[in-house]
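Visitor: I am sharing model.tsv, which consists of TSV, C-alpha atoms and all ligand atoms:
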chain	number	residue	atom	x	y	z
A	12	MET	CA	67.99	88.15	121.75
A	13	THR	CA	69.27	86.41	118.63
A	14	GLU	CA	66.92	83.65	117.45
A	15	LEU	CA	68.34	80.68	115.55
A	16	ILE	CA	65.97	79.15	112.99
A	17	HIS	CA	66.67	75.96	111.05
A	18	SER	CA	63.23	75.29	109.58
A	19	ILE	CA	62.22	77.20	106.45
A	20	GLU	CA	58.55	76.67	107.30
A	21	LYS	CA	59.09	78.23	110.72
A	22	TRP	CA	60.92	81.18	109.15
A	23	GLN	CA	58.11	81.75	106.62
A	24	ALA	CA	55.50	81.75	109.40
A	25	LEU	CA	57.58	84.21	111.40
A	26	ARG	CA	58.19	86.44	108.36
A	27	HIS	CA	54.42	86.81	107.97
A	28	THR	CA	54.26	88.39	111.43
A	29	PHE	CA	56.50	91.31	110.41
A	30	HIS	CA	54.77	94.65	109.98
A	31	PRO	CA	54.73	96.09	106.41
A	32	HIS	CA	56.60	99.14	107.76
A	33	ASP	CA	59.42	97.03	109.21
A	34	SER	CA	62.70	97.43	107.36
A	35	VAL	CA	64.62	94.19	107.10
A	36	GLY	CA	68.41	94.09	106.59
A	37	PHE	CA	69.78	90.79	105.34
A	38	VAL	CA	73.32	89.41	105.18
A	39	PRO	CA	73.65	86.05	103.39
A	40	THR	CA	76.80	84.10	104.33
A	41	MET	CA	78.30	80.64	104.37
A	42	GLY	CA	79.36	81.12	107.99
A	43	ASN	CA	82.90	81.09	109.40
A	44	LEU	CA	82.32	84.75	110.10
A	45	HIS	CA	85.13	87.29	110.30
A	46	GLN	CA	85.39	91.08	110.63
A	47	GLY	CA	84.40	91.52	106.98
A	48	HIS	CA	81.05	89.88	107.75
A	49	ALA	CA	80.83	91.88	110.99
A	50	SER	CA	81.00	95.11	108.98
A	51	LEU	CA	78.07	93.99	106.77
A	52	LEU	CA	76.06	92.89	109.80
A	53	SER	CA	76.71	96.15	111.65
A	54	LEU	CA	75.49	98.15	108.67
A	55	ALA	CA	72.40	95.93	108.31
A	56	LYS	CA	71.68	96.52	111.98
A	57	VAL	CA	72.11	100.32	111.76
A	58	GLN	CA	70.08	100.81	108.57
A	59	ASN	CA	67.09	98.56	109.40
A	60	ASN	CA	64.90	97.77	112.36
A	61	ILE	CA	65.13	93.99	111.87
A	62	SER	CA	68.41	92.25	111.01
A	63	VAL	CA	68.71	88.77	109.50
A	64	LEU	CA	71.82	86.66	108.89
A	65	SER	CA	71.75	83.42	106.91
A	66	ILE	CA	74.40	80.75	107.31
A	67	PHE	CA	74.33	78.08	104.63
A	68	VAL	CA	77.31	76.34	103.05
A	69	ASN	CA	75.79	76.12	99.60
A	70	PRO	CA	76.90	72.86	97.93
A	71	THR	CA	75.82	73.92	94.43
A	72	GLN	CA	78.38	76.73	94.19
A	73	PHE	CA	81.40	74.53	94.90
A	74	ASN	CA	82.87	73.12	91.73
A	75	ASP	CA	85.59	71.36	93.76
A	76	PRO	CA	84.15	68.73	96.19
A	77	GLN	CA	87.35	68.99	98.30
A	78	ASP	CA	86.72	72.69	98.79
A	79	LEU	CA	83.15	71.99	99.97
A	80	GLN	CA	84.34	69.32	102.37
A	81	LYS	CA	87.07	71.54	103.81
A	82	TYR	CA	84.89	74.62	104.16
A	83	PRO	CA	85.06	75.52	107.89
A	84	ARG	CA	81.78	75.09	109.79
A	85	THR	CA	81.92	77.19	112.97
A	86	LEU	CA	78.28	77.69	113.93
A	87	GLU	CA	78.92	78.18	117.64
A	88	ASP	CA	81.42	81.02	117.08
A	89	ASP	CA	79.24	82.52	114.33
A	90	LEU	CA	76.28	82.64	116.72
A	91	LYS	CA	78.46	84.35	119.32
A	92	MET	CA	79.30	87.07	116.79
A	93	ALA	CA	75.65	87.44	115.72
A	94	THR	CA	74.58	87.74	119.36
A	95	ALA	CA	77.33	90.26	120.18
A	96	LEU	CA	76.22	92.39	117.22
A	97	GLY	CA	72.56	92.17	118.26
A	98	ILE	CA	71.36	90.40	115.10
A	99	ASP	CA	67.69	89.45	115.45
A	100	TYR	CA	67.48	86.24	113.39
A	101	VAL	CA	69.98	83.67	112.15
A	102	ILE	CA	68.55	81.37	109.48
A	103	CYS	CA	70.48	78.16	109.09
A	104	PRO	CA	68.49	75.96	106.68
A	105	HIS	CA	69.08	72.32	105.76
A	106	ALA	CA	70.12	71.67	102.15
A	107	ASP	CA	67.18	69.35	101.42
A	108	GLU	CA	64.72	72.03	102.59
A	109	LEU	CA	66.40	74.77	100.56
A	110	TYR	CA	66.59	72.52	97.49
A	111	PRO	CA	63.22	70.68	97.47
A	112	ASP	CA	63.63	70.57	93.67
A	113	ASP	CA	66.99	68.77	93.94
A	114	TYR	CA	68.54	71.73	92.07
A	115	HIS	CA	66.46	71.10	88.94
A	116	TYR	CA	65.61	74.80	88.81
A	117	GLN	CA	68.63	77.06	88.34
A	118	VAL	CA	69.45	80.69	87.58
A	119	HIS	CA	71.78	80.93	84.58
A	120	GLU	CA	73.36	84.24	83.69
A	121	THR	CA	74.76	84.02	80.19
A	122	THR	CA	77.34	86.79	79.90
A	123	ILE	CA	79.41	88.07	82.81
A	124	SER	CA	79.22	84.76	84.71
A	125	HIS	CA	81.55	83.33	82.04
A	126	LEU	CA	84.33	85.87	82.67
A	127	LEU	CA	87.09	85.90	85.30
A	128	GLU	CA	86.03	83.50	88.12
A	129	GLY	CA	83.54	81.85	85.78
A	130	VAL	CA	86.33	80.54	83.55
A	131	SER	CA	88.00	78.42	86.24
A	132	ARG	CA	84.92	77.66	88.31
A	133	PRO	CA	82.24	76.33	85.96
A	134	GLY	CA	78.81	76.27	87.58
A	135	HIS	CA	79.92	78.39	90.54
A	136	PHE	CA	77.87	81.45	89.66
A	137	THR	CA	74.80	79.42	88.71
A	138	GLY	CA	74.87	77.81	92.17
A	139	MET	CA	75.49	81.17	93.85
A	140	LEU	CA	72.71	83.01	91.97
A	141	THR	CA	70.24	80.17	92.53
A	142	VAL	CA	70.77	80.12	96.29
A	143	VAL	CA	70.77	83.92	96.57
A	144	LEU	CA	67.46	84.06	94.69
A	145	LYS	CA	65.94	81.48	97.06
A	146	LEU	CA	67.21	83.39	100.11
A	147	LEU	CA	66.03	86.77	98.82
A	148	LEU	CA	62.56	85.34	98.16
A	149	LEU	CA	62.44	83.82	101.63
A	150	VAL	CA	63.76	86.81	103.57
A	151	LYS	CA	61.98	89.52	101.53
A	152	ALA	CA	64.54	92.00	102.79
A	153	THR	CA	64.41	95.73	102.34
A	154	ARG	CA	68.19	95.73	101.90
A	155	ALA	CA	70.73	92.95	101.38
A	156	TYR	CA	74.46	93.47	101.98
A	157	PHE	CA	77.27	92.08	99.82
A	158	GLY	CA	81.01	92.73	100.02
A	159	GLU	CA	82.96	94.27	97.15
A	160	LYS	CA	85.66	91.66	97.78
A	161	ASP	CA	83.57	89.29	95.61
A	162	TYR	CA	83.10	91.97	93.00
A	163	GLN	CA	81.86	89.74	90.18
A	164	GLN	CA	79.36	88.09	92.56
A	165	LEU	CA	78.12	91.54	93.61
A	166	GLN	CA	77.55	92.60	89.97
A	167	LEU	CA	75.75	89.34	89.19
A	168	VAL	CA	73.45	89.68	92.20
A	169	LYS	CA	72.67	93.30	91.29
A	170	GLY	CA	71.87	92.19	87.73
A	171	MET	CA	69.63	89.33	88.88
A	172	VAL	CA	67.68	91.58	91.26
A	173	LYS	CA	67.06	94.01	88.40
A	174	ALA	CA	66.19	91.27	85.90
A	175	PHE	CA	63.62	89.60	88.17
A	176	PHE	CA	62.13	92.78	89.71
A	177	ILE	CA	63.12	91.75	93.21
A	178	GLU	CA	62.25	94.51	95.65
A	179	THR	CA	65.42	94.33	97.71
A	180	GLU	CA	68.06	97.02	97.51
A	181	ILE	CA	71.54	95.55	97.13
A	182	ILE	CA	74.08	97.44	99.23
A	183	ALA	CA	77.72	97.14	98.20
A	184	CYS	CA	80.13	97.22	101.15
A	185	PRO	CA	83.87	97.99	100.91
A	186	THR	CA	86.43	95.22	101.34
A	187	ILE	CA	87.73	94.95	104.89
A	188	ARG	CA	91.46	94.26	105.09
A	189	GLU	CA	93.83	92.89	107.72
A	190	THR	CA	96.54	95.32	108.94
A	191	THR	CA	98.81	93.66	106.35
A	192	ALA	CA	96.33	94.68	103.57
A	193	LEU	CA	95.12	91.10	102.99
A	194	ALA	CA	91.41	91.13	102.14
A	195	MET	CA	89.46	89.30	104.84
A	196	SER	CA	88.19	85.91	103.75
A	197	SER	CA	87.23	82.63	105.42
A	198	ARG	CA	89.91	80.99	103.29
A	199	ASN	CA	92.70	82.99	105.03
A	200	ARG	CA	92.33	80.76	108.09
A	201	ARG	CA	93.49	77.79	106.03
A	202	LEU	CA	96.83	79.41	105.12
A	203	ASN	CA	99.96	78.20	106.93
A	204	GLU	CA	102.60	80.71	108.01
A	205	ALA	CA	104.59	80.67	104.75
A	206	GLU	CA	101.40	80.84	102.68
A	207	ARG	CA	100.12	83.71	104.77
A	208	THR	CA	103.30	85.68	104.04
A	209	LEU	CA	102.72	85.15	100.31
A	210	ALA	CA	99.03	86.09	100.67
A	211	ASP	CA	100.03	89.34	102.42
A	212	CYS	CA	102.49	90.02	99.60
A	213	PHE	CA	99.70	89.43	97.01
A	214	ALA	CA	97.53	91.99	98.82
A	215	LYS	CA	100.36	94.56	98.84
A	216	GLY	CA	100.78	94.03	95.09
A	217	MET	CA	97.04	94.62	94.60
A	218	LEU	CA	97.22	97.96	96.40
A	219	GLN	CA	100.48	99.07	94.74
A	220	CYS	CA	99.87	98.16	91.11
A	221	GLN	CA	97.53	100.09	88.86
A	222	SER	CA	97.85	98.00	85.69
A	223	THR	CA	97.67	94.35	84.68
A	224	ASP	CA	101.29	94.41	83.46
A	225	SER	CA	102.70	95.79	86.71
A	226	LEU	CA	100.67	93.33	88.83
A	227	LYS	CA	101.68	90.38	86.65
A	228	ASP	CA	105.36	91.41	86.97
A	229	PHE	CA	104.95	91.80	90.73
A	230	LEU	CA	103.38	88.34	91.12
A	231	GLN	CA	106.02	86.71	88.93
A	232	GLN	CA	108.83	88.38	90.92
A	233	HIS	CA	107.36	86.99	94.15
A	234	ASN	CA	106.66	83.52	92.72
A	235	ILE	CA	102.92	83.79	93.22
A	236	PRO	CA	101.08	81.79	90.54
A	237	PHE	CA	98.01	83.57	89.20
A	238	ASP	CA	94.93	82.38	87.40
A	239	TYR	CA	93.98	85.78	85.98
A	240	VAL	CA	94.92	89.44	86.28
A	241	GLU	CA	92.42	91.62	84.44
A	242	ILE	CA	90.85	95.04	84.28
A	243	TRP	CA	87.05	94.94	84.31
A	244	GLN	CA	84.60	97.74	85.07
A	245	ASN	CA	87.45	100.07	86.02
A	246	ARG	CA	88.79	97.61	88.56
A	247	LEU	CA	91.93	95.55	88.69
A	248	LEU	CA	90.92	91.98	89.56
A	249	ALA	CA	93.12	88.98	90.26
A	250	ALA	CA	92.96	85.37	91.41
A	251	VAL	CA	96.06	83.64	92.73
A	252	GLN	CA	96.83	80.15	93.91
A	253	ILE	CA	98.68	79.92	97.20
A	254	GLY	CA	99.30	76.29	98.08
A	255	ASN	CA	95.89	74.66	97.79
A	256	ILE	CA	94.09	77.90	98.39
A	257	ARG	CA	92.70	80.18	95.75
A	258	LEU	CA	92.48	83.83	96.77
A	259	ILE	CA	90.79	86.67	94.91
A	260	ASP	CA	90.99	90.41	95.32
A	261	ASN	CA	90.12	93.57	93.41
A	262	VAL	CA	90.78	97.30	93.68
A	263	GLU	CA	89.34	100.32	91.95
A	264	ILE	CA	91.69	101.94	89.45
A	265	SER	CA	92.24	105.57	90.29
B	1	LIG	O1	79.59	85.21	99.35
B	1	LIG	C1	79.11	84.19	99.91
B	1	LIG	O2	79.41	83.89	101.07
B	1	LIG	C2	78.19	83.30	99.13
B	1	LIG	O3	78.52	83.28	97.78
B	1	LIG	C3	76.70	83.64	99.33
B	1	LIG	C4	76.38	85.02	98.77
B	1	LIG	C5	76.34	83.59	100.79
B	1	LIG	C6	75.82	82.63	98.58
B	1	LIG	O4	76.02	81.33	99.05
Could you render the structure from this file as C-alpha cells?
Guide:
Amino acid sequence: MTELIHSIEKWQALRHTFHPHDSVGFVPTMGNLHQGHASLLSLAKVQNNISVLSIFVNPTQFNDPQDLQKYPRTLEDDLKMATALGIDYVICPHADELYPDDYHYQVHETTISHLLEGVSRPGHFTGMLTVVLKLLLLVKATRAYFGEKDYQQLQLVKGMVKAFFIETEIIACPTIRETTALAMSSRNRRLNEAERTLADCFAKGMLQCQSTDSLKDFLQQHNIPFDYVEIWQNRLLAAVQIGNIRLIDNVEIS
C-alpha cells in the first residue's frame, strides 16, 4: 500500500521507525510522472526494501515565474503510477514546511553550476541543490536515483553529496526515450503537434551528430534555435528553444 505523506513532521517520525538494516531507495521528482520516472522508481524498488518518492514543485529552482506557474501538477495520476509500481511512501511537502528559513540558507556551487544551463538560468542550480540537500537529509536514503537526461544536475548532486559527506549513494540512470528518440520530459506534454515534430527532429540530431559543428549545422538546417551546443565531460550537450519550451538533451560521445 502506497502511503501519501504531506507533513514533514509526520515523515520524520515515521523515518525513525525504520530499522537500521532497511535499505531505502529514493526518487526525488517534481511530479507529472512519465516513463522516465517509472524507470527510476522501478530500480529504486528492486534495489532496496523500502521505496520513497517525493513530489515537490520546487519554486526556488524556477528562474522564470511563468514556467513555475505552468508546471503541470498531476498528483492524482502520479499517485496511480506510484501505487502501480508498489512504491511504499510518497512525500509531498508544503513549500512553507520545506523552507522554514524562507530560503535564507542556500547551497551555492561556484564552478560547474555557472556553465551550460547555469548561463541562461541564473539561480536554478542553487535552488535545485538546496532542495535536494533538504530532501536527502529528510529521507536519509541508502540510494537516490537521478536521470542522466539532466546531466549537469546529476554531476552537481554527486559533487554536493561528496562535499558534505552525505551517506547516500547517487545512482545515475540512463535517459529513457520515446520511440521517436525524444528524451522523456514533463515539458514534452506542453508541445503542440508542430513543436513535437521539431522536438523529435532535435532528438534525432542528438543521436546522429558526434560533434558540436555537425549538431549546430543540423539544428540550423531544421530551423531549431539553440541556446548552447557544447562538449563537456565527453558528452555532447544541447539546449534548444521550441516555441515557448526549452528542451535539453545530452549523449555520450563514442
Ligand atoms: O529533476 C528534478 O525533477 C528536480 O530538479 C529535482 C531533482 C526533483 C529537484 O527539485
Visitor: Using all atoms listed in the file, tabulate the residues of chain A lying at most 8 Å from any atom of ligand LIG 1 (chain B), each with its closest atom pair and that distance in Å to one decimal, by chain and increasing residue number, as a Markdown table.
Guide:
| residue | atom | partner | partner_atom | distance |
| --- | --- | --- | --- | --- |
| A:Val38 | CA | B:LIG1 | C5 | 7.9 |
| A:Pro39 | CA | B:LIG1 | C5 | 4.5 |
| A:Thr40 | CA | B:LIG1 | C5 | 3.6 |
| A:Met41 | CA | B:LIG1 | O2 | 4.8 |
| A:Gly42 | CA | B:LIG1 | O2 | 7.5 |
| A:Ser65 | CA | B:LIG1 | C5 | 7.7 |
| A:Ile66 | CA | B:LIG1 | C5 | 7.4 |
| A:Phe67 | CA | B:LIG1 | O4 | 6.7 |
| A:Val68 | CA | B:LIG1 | O4 | 6.5 |
| A:Asn69 | CA | B:LIG1 | O4 | 5.2 |
| A:Gln72 | CA | B:LIG1 | O4 | 7.1 |
| A:Gly138 | CA | B:LIG1 | O4 | 7.8 |
| A:Met139 | CA | B:LIG1 | C6 | 5.0 |
| A:Leu140 | CA | B:LIG1 | C6 | 7.3 |
| A:Val142 | CA | B:LIG1 | O4 | 6.1 |
| A:Val143 | CA | B:LIG1 | C6 | 5.6 |
| A:Phe157 | CA | B:LIG1 | C4 | 7.2 |
| A:Gly158 | CA | B:LIG1 | O1 | 7.7 |
| A:Asp161 | CA | B:LIG1 | O1 | 6.8 |
| A:Gln164 | CA | B:LIG1 | O3 | 7.1 |
Visitor: Which residue is closest to Thr141 of chain A? Choose from A:Ser62, A:Gln219, A:Thr71, A:Thr28 and count only C-alpha atoms.
Guide: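 Comparing A:Ser62, A:Gln219, A:Thr71, A:Thr28 against Thr141 of chain A, the winner is A:Thr71.
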Visitor: Taking 2 positions as the minimum chain separation for residues in the same chain, which residues sit within 10 Å of segment 55-61 of chain A when counting all atoms listed in the file? Answer as JSON, numbers by chain.
Guide: {"A": [29, 32, 33, 34, 35, 36, 37, 38, 49, 50, 51, 52, 53, 63, 64, 96, 97, 98, 99, 100, 152, 153, 154, 155, 156, 182]}
Visitor: Hey, can you spit out that residue selection with C-alpha atoms as an mmCIF file, keeping the file's coordinate frame?
Guide:
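After the write, result.cif holds the following:
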data_model
loop_
_atom_site.group_PDB
_atom_site.id
_atom_site.type_symbol
_atom_site.label_atom_id
_atom_site.label_comp_id
_atom_site.auth_asym_id
_atom_site.auth_seq_id
_atom_site.Cartn_x
_atom_site.Cartn_y
_atom_site.Cartn_z
ATOM 1 C CA PHE A 29 56.500 91.310 110.410
ATOM 2 C CA HIS A 32 56.600 99.140 107.760
ATOM 3 C CA ASP A 33 59.420 97.030 109.210
ATOM 4 C CA SER A 34 62.700 97.430 107.360
ATOM 5 C CA VAL A 35 64.620 94.190 107.100
ATOM 6 C CA GLY A 36 68.410 94.090 106.590
ATOM 7 C CA PHE A 37 69.780 90.790 105.340
ATOM 8 C CA VAL A 38 73.320 89.410 105.180
ATOM 9 C CA ALA A 49 80.830 91.880 110.990
ATOM 10 C CA SER A 50 81.000 95.110 108.980
ATOM 11 C CA LEU A 51 78.070 93.990 106.770
ATOM 12 C CA LEU A 52 76.060 92.890 109.800
ATOM 13 C CA SER A 53 76.710 96.150 111.650
ATOM 14 C CA VAL A 63 68.710 88.770 109.500
ATOM 15 C CA LEU A 64 71.820 86.660 108.890
ATOM 16 C CA LEU A 96 76.220 92.390 117.220
ATOM 17 C CA GLY A 97 72.560 92.170 118.260
ATOM 18 C CA ILE A 98 71.360 90.400 115.100
ATOM 19 C CA ASP A 99 67.690 89.450 115.450
ATOM 20 C CA TYR A 100 67.480 86.240 113.390
ATOM 21 C CA ALA A 152 64.540 92.000 102.790
ATOM 22 C CA THR A 153 64.410 95.730 102.340
ATOM 23 C CA ARG A 154 68.190 95.730 101.900
ATOM 24 C CA ALA A 155 70.730 92.950 101.380
ATOM 25 C CA TYR A 156 74.460 93.470 101.980
ATOM 26 C CA ILE A 182 74.080 97.440 99.230
#
Visitor: Quick one: everything within 12 Å of Ser131 of chain A, counting only C-alpha atoms, minus sequence neighbours fewer than 4 positions away in the same chain. Send it as a list in words.
Guide: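 That gives Phe73, Asn74, Asp75, Ser124, His125, Leu126, Leu127, His135, Phe136, Phe237, Asp238, Tyr239, Ala250, Val251, Gln252 and Arg257 of chain A.
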Visitor: Kindly export the residues of the current selection with C-alpha atoms, as a short mmCIF file (atom, residue, chain, number, x, y, z; two decimals), in the frame of the given file.
Guide:
data_model
loop_
_atom_site.label_atom_id
_atom_site.label_comp_id
_atom_site.auth_asym_id
_atom_site.auth_seq_id
_atom_site.Cartn_x
_atom_site.Cartn_y
_atom_site.Cartn_z
CA PHE A 73 81.40 74.53 94.90
CA ASN A 74 82.87 73.12 91.73
CA ASP A 75 85.59 71.36 93.76
CA SER A 124 79.22 84.76 84.71
CA HIS A 125 81.55 83.33 82.04
CA LEU A 126 84.33 85.87 82.67
CA LEU A 127 87.09 85.90 85.30
CA HIS A 135 79.92 78.39 90.54
CA PHE A 136 77.87 81.45 89.66
CA PHE A 237 98.01 83.57 89.20
CA ASP A 238 94.93 82.38 87.40
CA TYR A 239 93.98 85.78 85.98
CA ALA A 250 92.96 85.37 91.41
CA VAL A 251 96.06 83.64 92.73
CA GLN A 252 96.83 80.15 93.91
CA ARG A 257 92.70 80.18 95.75
#
Visitor: (65.5, 80.8, 106.4) in this file's frame - what residues fall within 8 Å of it? Use only C-alpha atoms and give the answer as a compact mmCIF listing (two decimals) with C-alpha atoms, in the coordinates of the input.
Guide:
# COMPACT_ATOMS: atom_id res chain seq x y z
CA ILE A 16 65.97 79.15 112.99
CA HIS A 17 66.67 75.96 111.05
CA SER A 18 63.23 75.29 109.58
CA ILE A 19 62.22 77.20 106.45
CA TRP A 22 60.92 81.18 109.15
CA GLN A 23 58.11 81.75 106.62
CA SER A 65 71.75 83.42 106.91
CA VAL A 101 69.98 83.67 112.15
CA ILE A 102 68.55 81.37 109.48
CA CYS A 103 70.48 78.16 109.09
CA PRO A 104 68.49 75.96 106.68
CA LEU A 146 67.21 83.39 100.11
CA LEU A 149 62.44 83.82 101.63
CA VAL A 150 63.76 86.81 103.57
Visitor: What is the atom CA of Ile177 of chain A-atom CA of Lys151 of chain A distance in Å, reported with one decimal?
Guide: 8.7 Å
